[in-house]
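Peer 1: So that we are looking at the same thing, I have put the structure below in structure tokens.
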Amino acid sequence: MTKLYIPLAALMLVLLAAWQPNPTIRYTLTEASTLWVTGTSSLHDWQCDATQVKGWLDAEVGESVTGIPVAEISVPSELDCDNGTMNKKTRKALKSDDHKTISFKLTKAEVVPGTGNAFNIKTTGQLTIAGVTNTVTTTVKGEMLANGNMQLTGTLPVTMSDHGVDPPTAMLGTLKTGDDVVVHIKAIAAPAK
């Protein structure tokens, strides 16, 4: 019986020695990355754009992406709503003077392979808006591009009052924005140099 265990143990050691985890590559978001917020009001729907998107992620990459252990994204809290009055009211609601950025830090990700170069990422992370941090979950669609970059797209519903943000109002309160908004992102990430 002992003679059988020795070859099995040797085989296990060879298999363990041959197994190499996928290398982890740092990706940084490029200037082509965009983030915008959409919402409703008693008058019309609206959109505000981030003036800049910064971030990075570490990805375990083999033939495809197999894991994303860490990631961070941030945008300036001074969003551009293409309307001077809306810009001022949004910046006041987001407490932009005291809290210059809106940020997301990944705490958990499960990569689900798709077809071809596509994959989905079930994410959990810490979203900080106006100095208040909450745990959020969403699914992001990913794709490895032919040039080695990675494209990530997704949406995240957010209730502003959960972050201590009072939805902006105008015209003596007759124009009210909804409490629920949707954050949209289309990010292009390139391997860091």
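Labels used: A, B, ... for chains in the order of the structure tokens, numbers from 1 for residues in each chain, and numbers from 1 for ligands as shown.
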Within 10 Å of Thr34 in chain A, counting only C-alpha atoms, which residues qualify if same-chain residues fewer than 6 places away don't, as number ranges by chain?

Peer 2: A: 49-54, 75, 153, 184-188

Peer 1: Write a file of the selected residues as an mmCIF file, in the first residue's frame, keeping C-alpha atoms.

Peer 2:
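Output saved as result_33.cif:
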data_model
loop_
_atom_site.group_PDB
_atom_site.id
_atom_site.type_symbol
_atom_site.label_atom_id
_atom_site.label_comp_id
_atom_site.auth_asym_id
_atom_site.auth_seq_id
_atom_site.Cartn_x
_atom_site.Cartn_y
_atom_site.Cartn_z
ATOM 1 C CA ASP A 49 -21.059 64.347 -16.887
ATOM 2 C CA ALA A 50 -17.858 63.776 -14.956
ATOM 3 C CA THR A 51 -15.189 66.161 -16.201
ATOM 4 C CA GLN A 52 -12.502 63.517 -15.660
ATOM 5 C CA VAL A 53 -12.351 59.818 -14.751
ATOM 6 C CA LYS A 54 -9.311 58.443 -12.925
ATOM 7 C CA VAL A 75 -14.257 61.548 -10.437
ATOM 8 C CA THR A 153 -19.244 49.244 -19.086
ATOM 9 C CA HIS A 184 -23.144 55.062 -16.049
ATOM 10 C CA ILE A 185 -19.544 54.229 -16.891
ATOM 11 C CA LYS A 186 -17.706 53.331 -20.073
ATOM 12 C CA ALA A 187 -14.067 52.862 -19.195
ATOM 13 C CA ILE A 188 -11.083 51.963 -21.330
#

Peer 1: Show me, as a PyMOL selection string, the residues that have an atom within 12 Å of Ala192 in chain A when counting only C-alpha atoms, minus same-chain residues fewer than 5 positions from it.

Peer 2: chain A and resi 24-30+55-59+148-150

Peer 1: Show which residues sit within 12 Å of range 36-40 of chain A, as a compact mmCIF listing (two decimals) with C-alpha atoms, in the first residue's frame. Count only C-alpha atoms, and ignore same-chain residues fewer than 4 positions away.

Peer 2:
# COMPACT_ATOMS: atom_id res chain seq x y z
CA HIS A 44 -37.60 66.81 -17.45
CA ASP A 45 -34.93 64.13 -17.32
CA TRP A 46 -31.35 65.32 -16.92
CA GLN A 47 -27.72 64.23 -17.31
CA CYS A 48 -24.50 65.39 -15.66
CA ASP A 49 -21.06 64.35 -16.89
CA ALA A 50 -17.86 63.78 -14.96
CA THR A 51 -15.19 66.16 -16.20
CA GLN A 52 -12.50 63.52 -15.66
CA VAL A 53 -12.35 59.82 -14.75
CA VAL A 75 -14.26 61.55 -10.44
CA PRO A 76 -14.39 65.21 -9.41
CA SER A 77 -17.61 65.99 -7.53
CA GLU A 78 -18.06 69.12 -9.65
CA LEU A 79 -20.12 67.49 -12.38
CA ASP A 80 -20.97 69.27 -15.63
CA CYS A 81 -24.75 69.34 -16.22
CA ASP A 82 -24.51 71.63 -19.27
CA THR A 90 -25.63 69.91 -8.03
CA ILE A 102 -16.71 60.81 -5.68
CA THR A 153 -19.24 49.24 -19.09
CA GLY A 154 -21.93 49.28 -16.45
CA THR A 155 -24.62 51.11 -14.55
CA LEU A 156 -25.25 51.60 -10.85
CA PRO A 157 -28.55 52.82 -9.38
CA VAL A 158 -27.93 55.19 -6.45
CA THR A 159 -30.36 56.76 -4.00
CA MET A 160 -28.91 60.21 -3.25
CA PRO A 167 -31.97 66.17 -4.29
CA PRO A 168 -31.62 69.67 -5.79
CA THR A 169 -34.66 71.89 -6.26
CA LEU A 175 -38.76 71.96 -9.85
CA LYS A 176 -37.66 68.90 -7.90
CA THR A 177 -35.17 66.25 -8.93
CA GLY A 178 -35.81 62.60 -8.10
CA ASP A 179 -33.93 60.93 -5.25
CA ASP A 180 -32.87 58.00 -7.44
CA VAL A 181 -30.17 58.43 -10.08
CA VAL A 182 -28.19 56.06 -12.28
CA VAL A 183 -24.40 56.22 -12.63
CA HIS A 184 -23.14 55.06 -16.05
CA ILE A 185 -19.54 54.23 -16.89
CA LYS A 186 -17.71 53.33 -20.07
CA ALA A 187 -14.07 52.86 -19.19

Peer 1: Excluding Thr115 in chain A and its own-chain neighbours fewer than 2 positions away, which residues fall within 12 Å of it when counting only C-alpha atoms? Please give them as a PyMOL selection string.

Peer 2: chain A and resi 64+112-113+117-120+141-144

Peer 1: Next, dump the selected residues to file, keeping only C-alpha atoms, as a CSV table (one decimal), in the first residue's frame.

Peer 2:
chain,number,residue,atom,x,y,z
A,64,SER,CA,-8.9,35.7,-20.5
A,112,VAL,CA,-17.8,35.3,-14.9
A,113,PRO,CA,-16.5,34.2,-18.3
A,117,ASN,CA,-13.1,38.1,-25.2
A,118,ALA,CA,-16.2,39.1,-23.1
A,119,PHE,CA,-16.7,38.6,-19.4
A,120,ASN,CA,-18.9,39.9,-16.6
A,141,LYS,CA,-19.5,44.0,-18.6
A,142,GLY,CA,-15.9,43.6,-19.7
A,143,GLU,CA,-14.2,42.8,-22.9
A,144,MET,CA,-10.5,42.4,-23.8

Peer 1: Per DSSP on the backbone, filter chain A down to the residues in alpha helix (DSSP H) and report them as a ChimeraX atom specification.

Peer 2: /A:2-18,84-93

Peer 1: What does the distance between CA of Ile129 in chain A and CA of Ala190 in chain A come to in Å, to one decimal place?

Peer 2: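 About the pair CA of Ile129 in chain A and CA of Ala190 in chain A: they are 26.4 Å apart.
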
Peer 1: Could you pull out all residues of range 22-190 of chain A with a DSSP call of strand (DSSP E) and give them as a ChimeraX atom specification?

Peer 2: /A:24-29,34-39,46-49,54-61,65-76,101-113,118-129,132-144,150-159,169-170,175-176,180-190

Peer 1: List the spatial neighbours of Pro23 in chain A as a list of chain:residue names - criterion: any atom at most 12 Å away, only C-alpha atoms, same-chain residues fewer than 6 positions off excluded.

Peer 2: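 Once the adjacent positions are removed, what remains is A:Asp58, A:Ala59, A:Glu60, A:Val61, A:Gly62, A:Glu63, A:Ser64, A:Val65, A:Thr66, A:Gly67, A:Ile68, A:Pro69.
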